[in-house]
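In what follows, a single structure is set out as structure tokens and then discussed.
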Amino acid sequence: MPFDLGWLNSSHVSACLLPALRAFVEVGRHGSVKGAAGELGVTPGAVSQQIKMLEGQLGVSLFERGNREIRLTREGLLLYGNLAPGFRQIDDALHAFTERRPGPDTLVVSTTPSFAACWLAERIGRFTRVHPGIELRLETSEQVMDLRAMGIDLAIRHGSGRWPSLEVTPLFPTRLVMVAAPGILLDGPLAMPEDCLRYPLLHDRNRADWLTWLSARGVMPPRGALKGLSYADDALLIQAAAAGQGLALVRDVSAFDDLAVGKVVLATQATVPLPDGYFVVTRPQSARTRKVEIFRRWLLTEAEAMMRGMATWPENGAEGS
């Protein structure tokens, strides 16, 4: 009589068979009842009982038992081949979940990919060297994450700063600055705001920043001037500008480190303040925990250092060419 495995997909398979099926897979994998018992944390007798119960349920012998060895029968090999991958997948999923779950000394921080790449990643090593006992886990997303639902201890958000029911600490304001690759500017820094129209303009994903900057400078862009390449975030815009693709408008925070090392230069001193800034955001329940407080203080210290560095820019980015 053929050995039918169709019951594996049946809704009639009782949950009480699962321990027996797991015991069977472990015996098949280890080739011994003793090895399976060690893996499962039970006695060899308990494993033997599960195997007998499963064989009785199926009406077939799953193992050939010798004096010192146990081997899968033909039916046992067929069953093992169908079951083992499923249990392996379960084990892998549980292992991944356990590894991901934060411990008491893990600090889960959320921010945008661009801020992480342009500002936070460059500095985070300084924090871990001073506070090796706090294990940082950085989560990035373009979406505003639910701190409680996602298990996030602290977020660095860009916006208005109005997030009801959360504790919000200002980190720094932002301005639009114009950057370019060193040497791309034909006659040095732009003399007049409209001089930017002589170059390819690199755009943000919404194609809004150039219109904002030009309008603030009193320049009406000609038709077609706002066409061209667009990029998802400041990090990509800076990369494109550094590669000589054109002029890019980015937040001063994003460009600070690349300007400091000469990867890009300011195309003009003229900047445009933006209504939104960066903020440290926490839930009231976690705001006073030691790890959150330590990281928040560190962020504010790093932000102050950057603002002092920006003060050395020509005319502090004064609004004018």
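To be explicit about the labels: the chains of the structure tokens are called A, B, and onward in the order shown, and within each one the residues are counted from 1, while ligands get numbers from 1 in the order they are shown.
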
| said: At a cut-off of 10 Å, using only C-alpha atoms, what residues contact segment 118-135 of chain A? Leave out same-chain residues fewer than 3 positions from it and give the result as a ChimeraX atom specification. | reply: /A:102-108,111,113-115,138,156,234-236,238,253-258,290-292,294-295,298-299,302-303,306

| message | List as a VMD selection string the protein and nucleic acid residues near Glu64 of chain A, meaning an atom at most 12 Å away when only C-alpha atoms are counted, but skip any in the same chain fewer than 3 places from it. | response | chain A and resid 27 to 28 31 to 32 60 to 61 67 to 77

Taking C-alpha atoms for each residue, export the selection above as a PDB file, in the first residue's frame.
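Printed below is out-v4.pdb as written:
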ATOM      1  CA  VAL A  27      16.146  11.276  15.498  1.00  0.00           C
ATOM      2  CA  GLY A  28      16.444  11.169  11.721  1.00  0.00           C
ATOM      3  CA  GLY A  31      20.749   9.042  13.718  1.00  0.00           C
ATOM      4  CA  SER A  32      20.163   8.241  17.375  1.00  0.00           C
ATOM      5  CA  VAL A  60       4.058   2.257   9.401  1.00  0.00           C
ATOM      6  CA  SER A  61       7.531   1.700  10.799  1.00  0.00           C
ATOM      7  CA  ASN A  67      21.697  -3.145  18.478  1.00  0.00           C
ATOM      8  CA  ARG A  68      23.630   0.108  18.253  1.00  0.00           C
ATOM      9  CA  GLU A  69      22.074   2.020  15.396  1.00  0.00           C
ATOM     10  CA  ILE A  70      18.763   3.276  14.123  1.00  0.00           C
ATOM     11  CA  ARG A  71      18.089   3.917  10.442  1.00  0.00           C
ATOM     12  CA  LEU A  72      15.208   5.448   8.570  1.00  0.00           C
ATOM     13  CA  THR A  73      12.998   3.057   6.597  1.00  0.00           C
ATOM     14  CA  ARG A  74      11.870   3.897   3.077  1.00  0.00           C
ATOM     15  CA  GLU A  75       8.729   5.454   4.512  1.00  0.00           C
ATOM     16  CA  GLY A  76      10.802   7.219   7.148  1.00  0.00           C
ATOM     17  CA  LEU A  77      13.085   8.724   4.496  1.00  0.00           C
TER      18      LEU A  77
END

Apply DSSP to the structure's backbone, then extract all residues of segment 137-236 of chain A labelled alpha helix (DSSP H) and return them as a compact mmCIF listing (two decimals) with C-alpha atoms, in the first residue's frame.
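The resulting out08.txt:
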# COMPACT_ATOMS: atom_id res chain seq x y z
CA ASP A 209 14.09 72.91 -3.45
CA TRP A 210 15.32 74.84 -6.47
CA LEU A 211 12.02 76.69 -6.79
CA THR A 212 12.23 77.51 -3.06
CA TRP A 213 15.81 78.78 -3.35
CA LEU A 214 15.32 80.78 -6.55
CA SER A 215 12.10 82.36 -5.27
CA ALA A 216 13.85 83.40 -2.06
CA ASP A 234 20.49 64.46 0.17
CA ALA A 235 23.05 61.67 0.34
CA LEU A 236 22.51 60.81 -3.32

| Which neighbours of Arg175 of chain A fall inside 7 Å, counting only C-alpha atoms, when residues of the same chain fewer than 2 positions from it are skipped, and could you give them as a list in words? |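 My list of contacting residues is Val177, Arg251, Asp252, Thr271, Val272, Pro273 and Leu274 of chain A.
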
Export of the given selection (C-alpha atoms) as a PDB file, in the first residue's frame:
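Once everything was written out, this is out-v3.pdb:
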ATOM      1  CA  VAL A 177      22.989  75.282   0.713  1.00  0.00           C
ATOM      2  CA  ARG A 251      20.421  70.702   3.864  1.00  0.00           C
ATOM      3  CA  ASP A 252      23.498  72.212   5.474  1.00  0.00           C
ATOM      4  CA  THR A 271      21.418  80.080   1.776  1.00  0.00           C
ATOM      5  CA  VAL A 272      17.714  79.753   2.495  1.00  0.00           C
ATOM      6  CA  PRO A 273      16.492  78.900   6.016  1.00  0.00           C
ATOM      7  CA  LEU A 274      13.908  76.119   6.091  1.00  0.00           C
TER       8      LEU A 274
END

| message | Considering only strand (DSSP E) as DSSP defines it on the backbone, what residues of segment 89-234 of chain A qualify? List them as a ChimeraX atom specification. | response | /A:106-111,135-140,154-159,167-180,201-204,230-231

Next, dump the selected residues to file, keeping only N, CA, C and O atoms, as a short mmCIF file (atom, residue, chain, number, x, y, z; two decimals), in the first residue's frame.
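Saved as out-v7.cif:
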data_model
loop_
_atom_site.label_atom_id
_atom_site.label_comp_id
_atom_site.auth_asym_id
_atom_site.auth_seq_id
_atom_site.Cartn_x
_atom_site.Cartn_y
_atom_site.Cartn_z
N THR A 106 20.57 47.36 24.86
CA THR A 106 20.48 47.72 23.45
C THR A 106 19.66 48.99 23.29
O THR A 106 18.57 49.11 23.85
N LEU A 107 20.20 49.94 22.54
CA LEU A 107 19.49 51.19 22.27
C LEU A 107 19.08 51.19 20.80
O LEU A 107 19.93 51.17 19.91
N VAL A 108 17.79 51.19 20.55
CA VAL A 108 17.27 51.16 19.18
C VAL A 108 16.98 52.60 18.75
O VAL A 108 16.17 53.29 19.36
N VAL A 109 17.68 53.05 17.70
CA VAL A 109 17.58 54.42 17.21
C VAL A 109 17.03 54.40 15.79
O VAL A 109 17.49 53.62 14.95
N SER A 110 16.07 55.27 15.53
CA SER A 110 15.45 55.35 14.20
C SER A 110 15.72 56.73 13.60
O SER A 110 15.65 57.75 14.28
N THR A 111 16.04 56.74 12.30
CA THR A 111 16.18 58.00 11.57
C THR A 111 16.04 57.71 10.09
O THR A 111 15.78 56.57 9.68
N GLU A 135 24.76 48.93 23.43
CA GLU A 135 24.79 48.36 22.08
C GLU A 135 23.78 49.09 21.21
O GLU A 135 22.57 49.02 21.44
N LEU A 136 24.25 49.81 20.20
CA LEU A 136 23.39 50.59 19.33
C LEU A 136 22.85 49.76 18.18
O LEU A 136 23.59 48.97 17.59
N ARG A 137 21.57 49.93 17.90
CA ARG A 137 20.98 49.32 16.70
C ARG A 137 20.27 50.43 15.94
O ARG A 137 19.31 51.02 16.43
N LEU A 138 20.77 50.71 14.76
CA LEU A 138 20.26 51.82 13.96
C LEU A 138 19.27 51.32 12.93
O LEU A 138 19.60 50.49 12.09
N GLU A 139 18.04 51.83 12.99
CA GLU A 139 16.99 51.49 12.04
C GLU A 139 16.74 52.71 11.16
O GLU A 139 16.61 53.83 11.66
N THR A 140 16.68 52.53 9.83
CA THR A 140 16.43 53.65 8.94
C THR A 140 15.17 53.43 8.12
O THR A 140 14.88 52.32 7.69
N LEU A 154 14.56 55.79 20.64
CA LEU A 154 14.80 57.20 20.32
C LEU A 154 14.81 57.36 18.81
O LEU A 154 15.33 56.50 18.10
N ALA A 155 14.22 58.46 18.34
CA ALA A 155 14.21 58.74 16.91
C ALA A 155 14.79 60.13 16.66
O ALA A 155 14.66 61.03 17.49
N ILE A 156 15.45 60.28 15.52
CA ILE A 156 15.91 61.59 15.06
C ILE A 156 15.06 61.90 13.83
O ILE A 156 15.20 61.26 12.79
N ARG A 157 14.17 62.86 13.99
CA ARG A 157 13.21 63.16 12.94
C ARG A 157 13.45 64.54 12.35
O ARG A 157 13.90 65.46 13.03
N HIS A 158 13.10 64.68 11.07
CA HIS A 158 13.12 65.96 10.38
C HIS A 158 11.69 66.40 10.18
O HIS A 158 10.87 65.66 9.64
N GLY A 159 11.37 67.60 10.66
CA GLY A 159 10.00 68.07 10.52
C GLY A 159 9.77 69.33 11.33
O GLY A 159 10.69 70.08 11.65
N GLU A 167 8.10 63.23 23.66
CA GLU A 167 9.03 64.25 24.14
C GLU A 167 9.95 64.65 23.00
O GLU A 167 10.60 63.78 22.39
N VAL A 168 10.03 65.94 22.72
CA VAL A 168 10.75 66.44 21.55
C VAL A 168 11.82 67.43 22.00
O VAL A 168 11.53 68.38 22.73
N THR A 169 13.05 67.19 21.56
CA THR A 169 14.18 68.07 21.87
C THR A 169 14.78 68.59 20.56
O THR A 169 15.19 67.79 19.72
N PRO A 170 14.84 69.91 20.35
CA PRO A 170 15.44 70.44 19.11
C PRO A 170 16.91 70.04 19.01
O PRO A 170 17.65 70.11 19.99
N LEU A 171 17.31 69.61 17.83
CA LEU A 171 18.70 69.23 17.59
C LEU A 171 19.43 70.33 16.82
O LEU A 171 20.43 70.85 17.28
N PHE A 172 18.91 70.68 15.64
CA PHE A 172 19.42 71.85 14.92
C PHE A 172 18.44 72.26 13.83
O PHE A 172 17.68 71.44 13.30
N PRO A 173 18.45 73.57 13.49
CA PRO A 173 17.65 74.04 12.35
C PRO A 173 18.35 73.65 11.06
O PRO A 173 19.48 73.15 11.08
N THR A 174 17.71 73.89 9.94
CA THR A 174 18.32 73.54 8.66
C THR A 174 18.19 74.69 7.67
O THR A 174 17.26 75.51 7.75
N ARG A 175 19.13 74.74 6.74
CA ARG A 175 19.12 75.69 5.64
C ARG A 175 19.46 74.95 4.35
O ARG A 175 20.16 73.93 4.39
N LEU A 176 18.99 75.47 3.25
CA LEU A 176 19.41 74.96 1.96
C LEU A 176 20.73 75.61 1.57
O LEU A 176 20.86 76.85 1.61
N VAL A 177 21.72 74.78 1.22
CA VAL A 177 22.99 75.28 0.71
C VAL A 177 23.23 74.67 -0.66
O VAL A 177 22.77 73.56 -0.95
N MET A 178 23.95 75.39 -1.50
CA MET A 178 24.22 74.92 -2.86
C MET A 178 25.64 74.37 -2.91
O MET A 178 26.59 75.04 -2.52
N VAL A 179 25.77 73.13 -3.36
CA VAL A 179 27.08 72.50 -3.41
C VAL A 179 27.41 72.04 -4.83
O VAL A 179 26.51 71.81 -5.65
N ALA A 180 28.71 71.93 -5.08
CA ALA A 180 29.18 71.49 -6.41
C ALA A 180 30.51 70.80 -6.23
O ALA A 180 31.16 70.90 -5.18
N LEU A 201 21.06 71.51 -13.06
CA LEU A 201 20.54 71.55 -11.69
C LEU A 201 20.09 70.15 -11.29
O LEU A 201 19.31 69.51 -12.00
N LEU A 202 20.57 69.68 -10.16
CA LEU A 202 20.19 68.37 -9.63
C LEU A 202 19.06 68.57 -8.62
O LEU A 202 19.17 69.42 -7.74
N HIS A 203 18.02 67.75 -8.72
CA HIS A 203 16.79 68.01 -7.98
C HIS A 203 16.53 66.97 -6.89
O HIS A 203 16.95 65.81 -7.01
N ASP A 204 15.80 67.42 -5.87
CA ASP A 204 15.26 66.49 -4.88
C ASP A 204 14.09 65.75 -5.51
O ASP A 204 13.62 66.10 -6.60
N SER A 230 16.74 63.89 -10.88
CA SER A 230 16.27 64.03 -9.50
C SER A 230 16.72 62.82 -8.70
O SER A 230 16.86 61.72 -9.24
N TYR A 231 16.94 63.04 -7.41
CA TYR A 231 17.45 61.99 -6.53
C TYR A 231 16.58 61.90 -5.28
O TYR A 231 15.95 62.88 -4.87
#

| Between atom CA of Glu26 of chain A and atom CA of Gly41 of chain A - distance in Å to one decimal |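 Going from atom CA of Gly41 of chain A over to atom CA of Glu26 of chain A, I get 11.5 Å.
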
| task | Tell me, as number ranges by chain, which residues lie within 10 Å of Pro193 of chain A, counting only C-alpha atoms; anything in the same chain fewer than 4 positions away does not count. | result | A: 197, 213-214, 216-219, 268-270, 320-321

Got time to write the residues from that selection, N, CA, C and O atoms, as a tab-separated table (two decimals), in the first residue's frame?
chain	number	residue	atom	x	y	z
A	197	LEU	N	21.80	79.05	-13.17
A	197	LEU	CA	21.08	78.54	-14.33
A	197	LEU	C	22.00	78.22	-15.49
A	197	LEU	O	21.57	77.65	-16.50
A	213	TRP	N	14.59	77.97	-3.42
A	213	TRP	CA	15.81	78.78	-3.35
A	213	TRP	C	15.75	79.97	-4.31
A	213	TRP	O	16.04	81.11	-3.94
A	214	LEU	N	15.37	79.71	-5.56
A	214	LEU	CA	15.32	80.78	-6.55
A	214	LEU	C	14.28	81.84	-6.18
A	214	LEU	O	14.53	83.05	-6.34
A	216	ALA	N	13.31	82.63	-3.18
A	216	ALA	CA	13.85	83.40	-2.06
A	216	ALA	C	14.89	84.40	-2.52
A	216	ALA	O	15.10	85.44	-1.87
A	217	ARG	N	15.58	84.12	-3.64
A	217	ARG	CA	16.60	85.04	-4.17
A	217	ARG	C	16.02	86.02	-5.18
A	217	ARG	O	16.73	86.83	-5.77
A	218	GLY	N	14.69	85.93	-5.41
A	218	GLY	CA	14.05	86.86	-6.34
A	218	GLY	C	14.29	86.54	-7.79
A	218	GLY	O	14.24	87.43	-8.65
A	219	VAL	N	14.55	85.26	-8.09
A	219	VAL	CA	14.83	84.84	-9.46
A	219	VAL	C	13.65	84.03	-9.99
A	219	VAL	O	13.22	83.07	-9.35
A	268	THR	N	27.85	79.01	-3.61
A	268	THR	CA	27.53	80.38	-3.25
A	268	THR	C	27.33	80.44	-1.75
A	268	THR	O	26.99	79.43	-1.12
A	269	GLN	N	27.54	81.64	-1.18
A	269	GLN	CA	27.30	81.80	0.24
A	269	GLN	C	25.81	81.96	0.55
A	269	GLN	O	25.40	81.85	1.70
A	270	ALA	N	25.02	82.22	-0.46
A	270	ALA	CA	23.58	82.45	-0.25
A	270	ALA	C	22.90	81.16	0.19
A	270	ALA	O	23.05	80.11	-0.43
A	320	GLY	N	22.99	86.17	0.80
A	320	GLY	CA	23.48	87.11	-0.16
A	320	GLY	C	24.61	86.46	-0.92
A	320	GLY	O	25.22	85.55	-0.44
A	321	SER	N	24.93	86.91	-2.09
A	321	SER	CA	25.97	86.28	-2.89
A	321	SER	C	27.29	86.93	-2.62
A	321	SER	O	27.38	88.06	-2.20

| So which residues touch Pro164 of chain A within 12 Å, counting only C-alpha atoms, skipping near sequence neighbours fewer than 2 positions away, as a list of chain:residue names? | A:Ser160, A:Gly161, A:Arg162, A:Leu166, A:Glu167, A:Val168, A:Val281, A:Thr282, A:Arg283, A:Pro284

Output file for the residues above (C-alpha atoms, as a PDB file, in the first residue's frame):
ATOM      1  CA  SER A 160       8.096  70.749  12.380  1.00  0.00           C
ATOM      2  CA  GLY A 161       8.775  69.338  15.847  1.00  0.00           C
ATOM      3  CA  ARG A 162       5.076  68.896  16.555  1.00  0.00           C
ATOM      4  CA  LEU A 166       6.131  62.433  22.482  1.00  0.00           C
ATOM      5  CA  GLU A 167       9.026  64.248  24.144  1.00  0.00           C
ATOM      6  CA  VAL A 168      10.750  66.438  21.551  1.00  0.00           C
ATOM      7  CA  VAL A 281      12.077  62.288  19.760  1.00  0.00           C
ATOM      8  CA  THR A 282      11.347  59.797  22.550  1.00  0.00           C
ATOM      9  CA  ARG A 283       8.381  58.288  24.316  1.00  0.00           C
ATOM     10  CA  PRO A 284       7.813  59.745  27.806  1.00  0.00           C
TER      11      PRO A 284
END

| message | For a test of reading the model, state the distance in Å between atom CA of Gly262 of chain A and atom CA of Gly183 of chain A, rounded to one decimal. | response |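 Those two atoms sit 11.0 Å apart.
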